[in-house]
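What's in start.txt: compact mmCIF, C-alpha atoms
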```
# COMPACT_ATOMS: atom_id res chain seq x y z
CA MET A 240 135.93 56.28 118.39
CA LYS A 241 132.96 57.81 120.18
CA SER A 242 133.86 61.23 118.87
CA LYS A 243 133.78 59.92 115.27
CA TYR A 244 130.25 58.60 115.82
CA ALA A 245 129.18 61.85 117.46
CA LEU A 246 130.66 63.88 114.61
CA GLY A 247 129.02 61.59 112.05
CA GLY A 248 125.66 61.91 113.81
CA LEU A 249 125.99 65.67 113.92
CA MET A 250 126.77 65.77 110.19
CA VAL A 251 123.64 63.74 109.45
CA VAL A 252 121.49 66.14 111.52
CA VAL A 253 122.99 69.20 109.82
CA ALA A 254 122.50 67.69 106.38
CA THR A 255 118.90 66.81 107.24
CA LEU A 256 118.06 70.31 108.47
CA THR A 257 119.75 72.14 105.60
CA GLY A 258 117.07 73.95 103.62
CA CYS A 259 114.42 73.68 106.37
CA ALA A 260 114.62 77.33 107.36
CA THR A 261 111.78 79.71 106.66
CA GLN A 262 112.40 82.14 103.83
CA VAL A 263 110.85 85.62 103.99
CA LYS A 264 109.63 86.73 100.56
CA SER A 265 108.34 89.97 99.11
CA LEU A 266 105.84 89.27 96.31
CA PRO A 267 103.61 91.40 94.06
CA LEU A 268 100.05 92.06 95.26
CA ALA A 269 98.56 92.32 91.77
CA PRO A 270 97.95 88.60 91.07
CA VAL A 271 96.13 88.10 94.37
CA VAL A 272 94.13 91.34 94.31
CA ALA A 273 93.09 90.70 90.70
CA GLN A 274 91.55 87.35 91.63
CA SER A 275 90.08 88.77 94.85
CA ALA A 276 86.29 88.87 95.14
CA PRO A 277 85.09 91.29 92.41
CA GLY A 278 82.24 93.49 93.54
CA ALA A 279 82.99 92.73 97.19
CA GLN A 280 81.14 94.78 99.79
CA VAL A 281 84.38 95.76 101.54
CA ALA A 282 87.01 97.65 99.55
CA LEU A 283 90.70 97.09 100.30
CA TYR A 284 93.37 99.81 100.15
CA PHE A 285 96.99 98.75 100.66
CA GLY A 286 99.66 100.96 102.17
CA SER A 287 99.08 104.59 101.30
CA GLN A 288 96.77 103.97 98.33
CA ALA A 289 94.38 106.84 97.69
CA HIS A 290 90.79 106.28 98.81
CA PRO A 291 87.60 108.33 99.28
CA ALA A 292 87.26 110.46 102.42
CA VAL A 293 86.83 108.58 105.70
CA GLN A 294 83.42 109.14 107.30
CA SER A 295 84.18 107.18 110.46
CA GLN A 296 86.91 104.95 111.86
CA LEU A 297 85.86 101.66 113.41
CA GLY A 298 89.20 100.39 114.72
CA GLN A 299 92.09 98.27 113.61
CA THR A 300 91.97 94.57 112.80
CA SER A 301 94.50 91.90 111.97
CA THR A 302 94.47 88.25 111.06
CA SER A 303 97.17 85.63 110.71
CA VAL A 304 97.11 82.77 108.25
CA ARG A 305 99.26 79.66 108.03
CA ILE A 306 98.53 77.18 105.27
CA ALA A 307 100.17 73.96 104.16
CA ARG A 308 102.52 74.54 101.27
CA ASP A 309 101.21 73.08 98.03
CA ALA A 310 102.97 71.50 95.09
CA ASN A 311 102.65 74.65 92.96
CA GLY A 312 105.61 76.27 94.73
CA GLN A 313 106.43 78.98 97.23
CA ASP A 314 104.87 81.93 95.41
CA ALA A 315 101.57 80.11 94.83
CA SER A 316 101.45 79.13 98.51
CA CYS A 317 102.08 82.72 99.61
CA ASN A 318 99.44 83.99 97.18
CA ARG A 319 96.91 81.53 98.58
CA ALA A 320 97.78 82.55 102.15
CA LEU A 321 97.25 86.23 101.29
CA ALA A 322 93.94 85.48 99.55
CA ASP A 323 92.73 83.61 102.65
CA ALA A 324 93.84 86.44 104.93
CA LEU A 325 92.11 89.09 102.80
CA GLN A 326 88.92 87.05 102.80
CA LYS A 327 89.02 86.91 106.62
CA LEU A 328 89.81 90.64 106.80
CA ARG A 329 86.81 91.47 104.61
CA ALA A 330 84.47 89.21 106.60
CA TYR A 331 85.53 90.78 109.90
CA ALA A 332 85.14 94.31 108.52
CA ARG A 333 81.72 93.49 107.05
CA ASP A 334 80.59 92.04 110.41
CA HIS A 335 81.60 95.35 112.04
CA ASN A 336 79.74 97.50 109.46
CA ALA A 337 82.83 98.80 107.66
CA ASN A 338 82.76 99.31 103.92
CA ALA A 339 86.56 99.44 103.53
CA VAL A 340 89.86 98.49 105.12
CA ILE A 341 92.62 101.06 104.58
CA ASN A 342 96.33 101.23 105.38
CA ILE A 343 96.64 97.47 104.89
CA GLY A 344 100.05 96.08 105.70
CA THR A 345 101.49 92.57 105.77
CA SER A 346 104.15 91.00 107.92
CA PHE A 347 105.93 87.83 108.84
CA HIS A 348 107.43 87.99 112.34
CA SER A 349 109.45 91.24 112.41
CA THR A 350 109.53 91.80 108.64
CA GLU A 351 106.75 94.22 107.70
CA SER A 352 105.49 95.79 104.50
CA ALA A 353 103.08 98.69 104.09
CA SER A 354 103.43 98.71 100.32
CA ALA A 355 100.68 99.36 97.79
CA THR A 356 102.34 96.91 95.36
CA GLU A 357 103.99 94.11 97.39
CA PHE A 358 103.31 91.87 100.38
CA THR A 359 105.50 89.97 102.84
CA CYS A 360 105.19 86.22 103.39
CA GLY A 361 107.19 83.56 105.18
CA VAL A 362 107.47 80.19 103.49
CA SER A 363 109.15 76.97 104.55
CA MET A 364 109.23 73.45 103.15
CA SER A 365 105.88 72.73 104.84
CA ALA A 366 103.89 75.97 105.08
CA ALA A 367 103.34 79.59 104.10
CA ALA A 368 102.35 82.18 106.70
CA LEU A 369 101.70 85.89 107.07
CA ARG A 370 99.79 88.48 109.08
CA VAL A 371 97.58 91.16 107.55
CA ARG A 372 96.43 94.26 109.42
CA GLY A 373 94.44 97.35 108.52
CA ASP A 374 92.04 100.07 109.68
CA MET A 375 88.33 99.37 109.36
CA VAL A 376 86.48 102.46 108.14
CA VAL A 377 83.30 103.75 106.56
CA LEU A 378 84.20 105.71 103.43
CA ASP A 379 82.11 108.40 101.78
CA ALA A 380 80.03 106.96 98.95
CA GLN A 381 80.94 108.19 95.50
```
Since I need it in another form, could you write the structure as structure tokens?
Amino acid sequence: MKSKYALGGLMVVVATLTGCATQVKSLPLAPVVAQSAPGAQVALYFGSQAHPAVQSQLGQTSTSVRIARDANGQDASCNRALADALQKLRAYARDHNANAVINIGTSFHSTESASATEFTCGVSMSAAALRVRGDMVVLDAQ
């Protein structure tokens, strides 16, 4: 009899946790970059995107963002997380006298992307999260 209760309890736990795992997504950068601060003081170059010549390198930076998932769905939550991360990246670069961040890549745990067109995000039932990293530089003015 005890084993029936234990098995029943285990089934309830499994059913409750089904669908709670984090899903790693690869999403297009374009919607987020298009809404990103126009005329910003710090330019962003993802992956191996072409950029003007580097005058000086100021080091690497990274930031992690975890936000509560909103009712607009997984993709919207990931887009908002990336927008927040890029805003933090720009602020940090500006504070360190960089005018650009190049070689920007995104990751969630061990899944990384150095793409010029897509980013990586982890999303669960409660949150969206990612890490953004890049090289702070001063680019030649054109």
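Among the candidates A:Asn311, A:Ser354, A:Gln280, A:Ser363, the one nearest to Arg333 (chain A) when counting all atoms listed in the file is A:Gln280.
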Polymer residues at most 8 Å from (98.7, 103.0, 94.6) by only C-alpha atoms, as an MDAnalysis selection string: chainID A and resid 285:289 355:356
Which one is closest to Asn336 (chain A): A:Leu297, A:Ala380, A:His290, A:Ala260? Count only C-alpha atoms. A:Leu297
Is it possible to get the residues within 9 Å of (80.6, 104.9, 105.6) (coordinates as in the file, counting only C-alpha atoms) written as a PyMOL selection string? chain A and resi 293-296+336-339+376-380
Computed interatomic separation between CA of Arg308 (chain A) and CA of Met364 (chain A) (Å): 7.1 Å
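Across the structure, CA of Ala279 (chain A) and CA of Asn342 (chain A) are spaced 17.8 Å apart.
For the atom pair formed by CA of Ala367 (chain A) and CA of Lys264 (chain A), the distance is 10.2 Å, given to one decimal.
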Please provide as a ChimeraX atom specification all residues within 10 Å of Leu369 (chain A), with the sequence filter that same-chain residues fewer than 2 positions apart are discarded (counting all atoms listed in the file). /A:263,302-306,317,320-321,324,345-348,350-351,358-362,367,371
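Shortest atom-to-atom contact with Arg329 (chain A) among A:Leu283, A:Ile343, A:Leu268, A:Ala292: A:Leu283, counting all atoms listed in the file.
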Restricting the calculation to all atoms listed in the file: of A:Ala307, A:Gly312, A:Ser349, A:Thr300, which residue gets closest to Arg372 (chain A)? A:Thr300
Box centre and edge lengths (Å, one decimal), axis-aligned, region 319-331 of chain A plus 6 Å each side, as lines of an AutoDock Vina configuration file:
```
center_x = 91.1
center_y = 86.5
center_z = 104.2
size_x = 25.3
size_y = 21.9
size_z = 23.3
```
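Among the candidate residues A:Gln274, A:Gln326, A:Gln262, A:Ser365, the one lying nearest to Ser301 (chain A) is A:Gln326, with distances computed using all atoms listed in the file.
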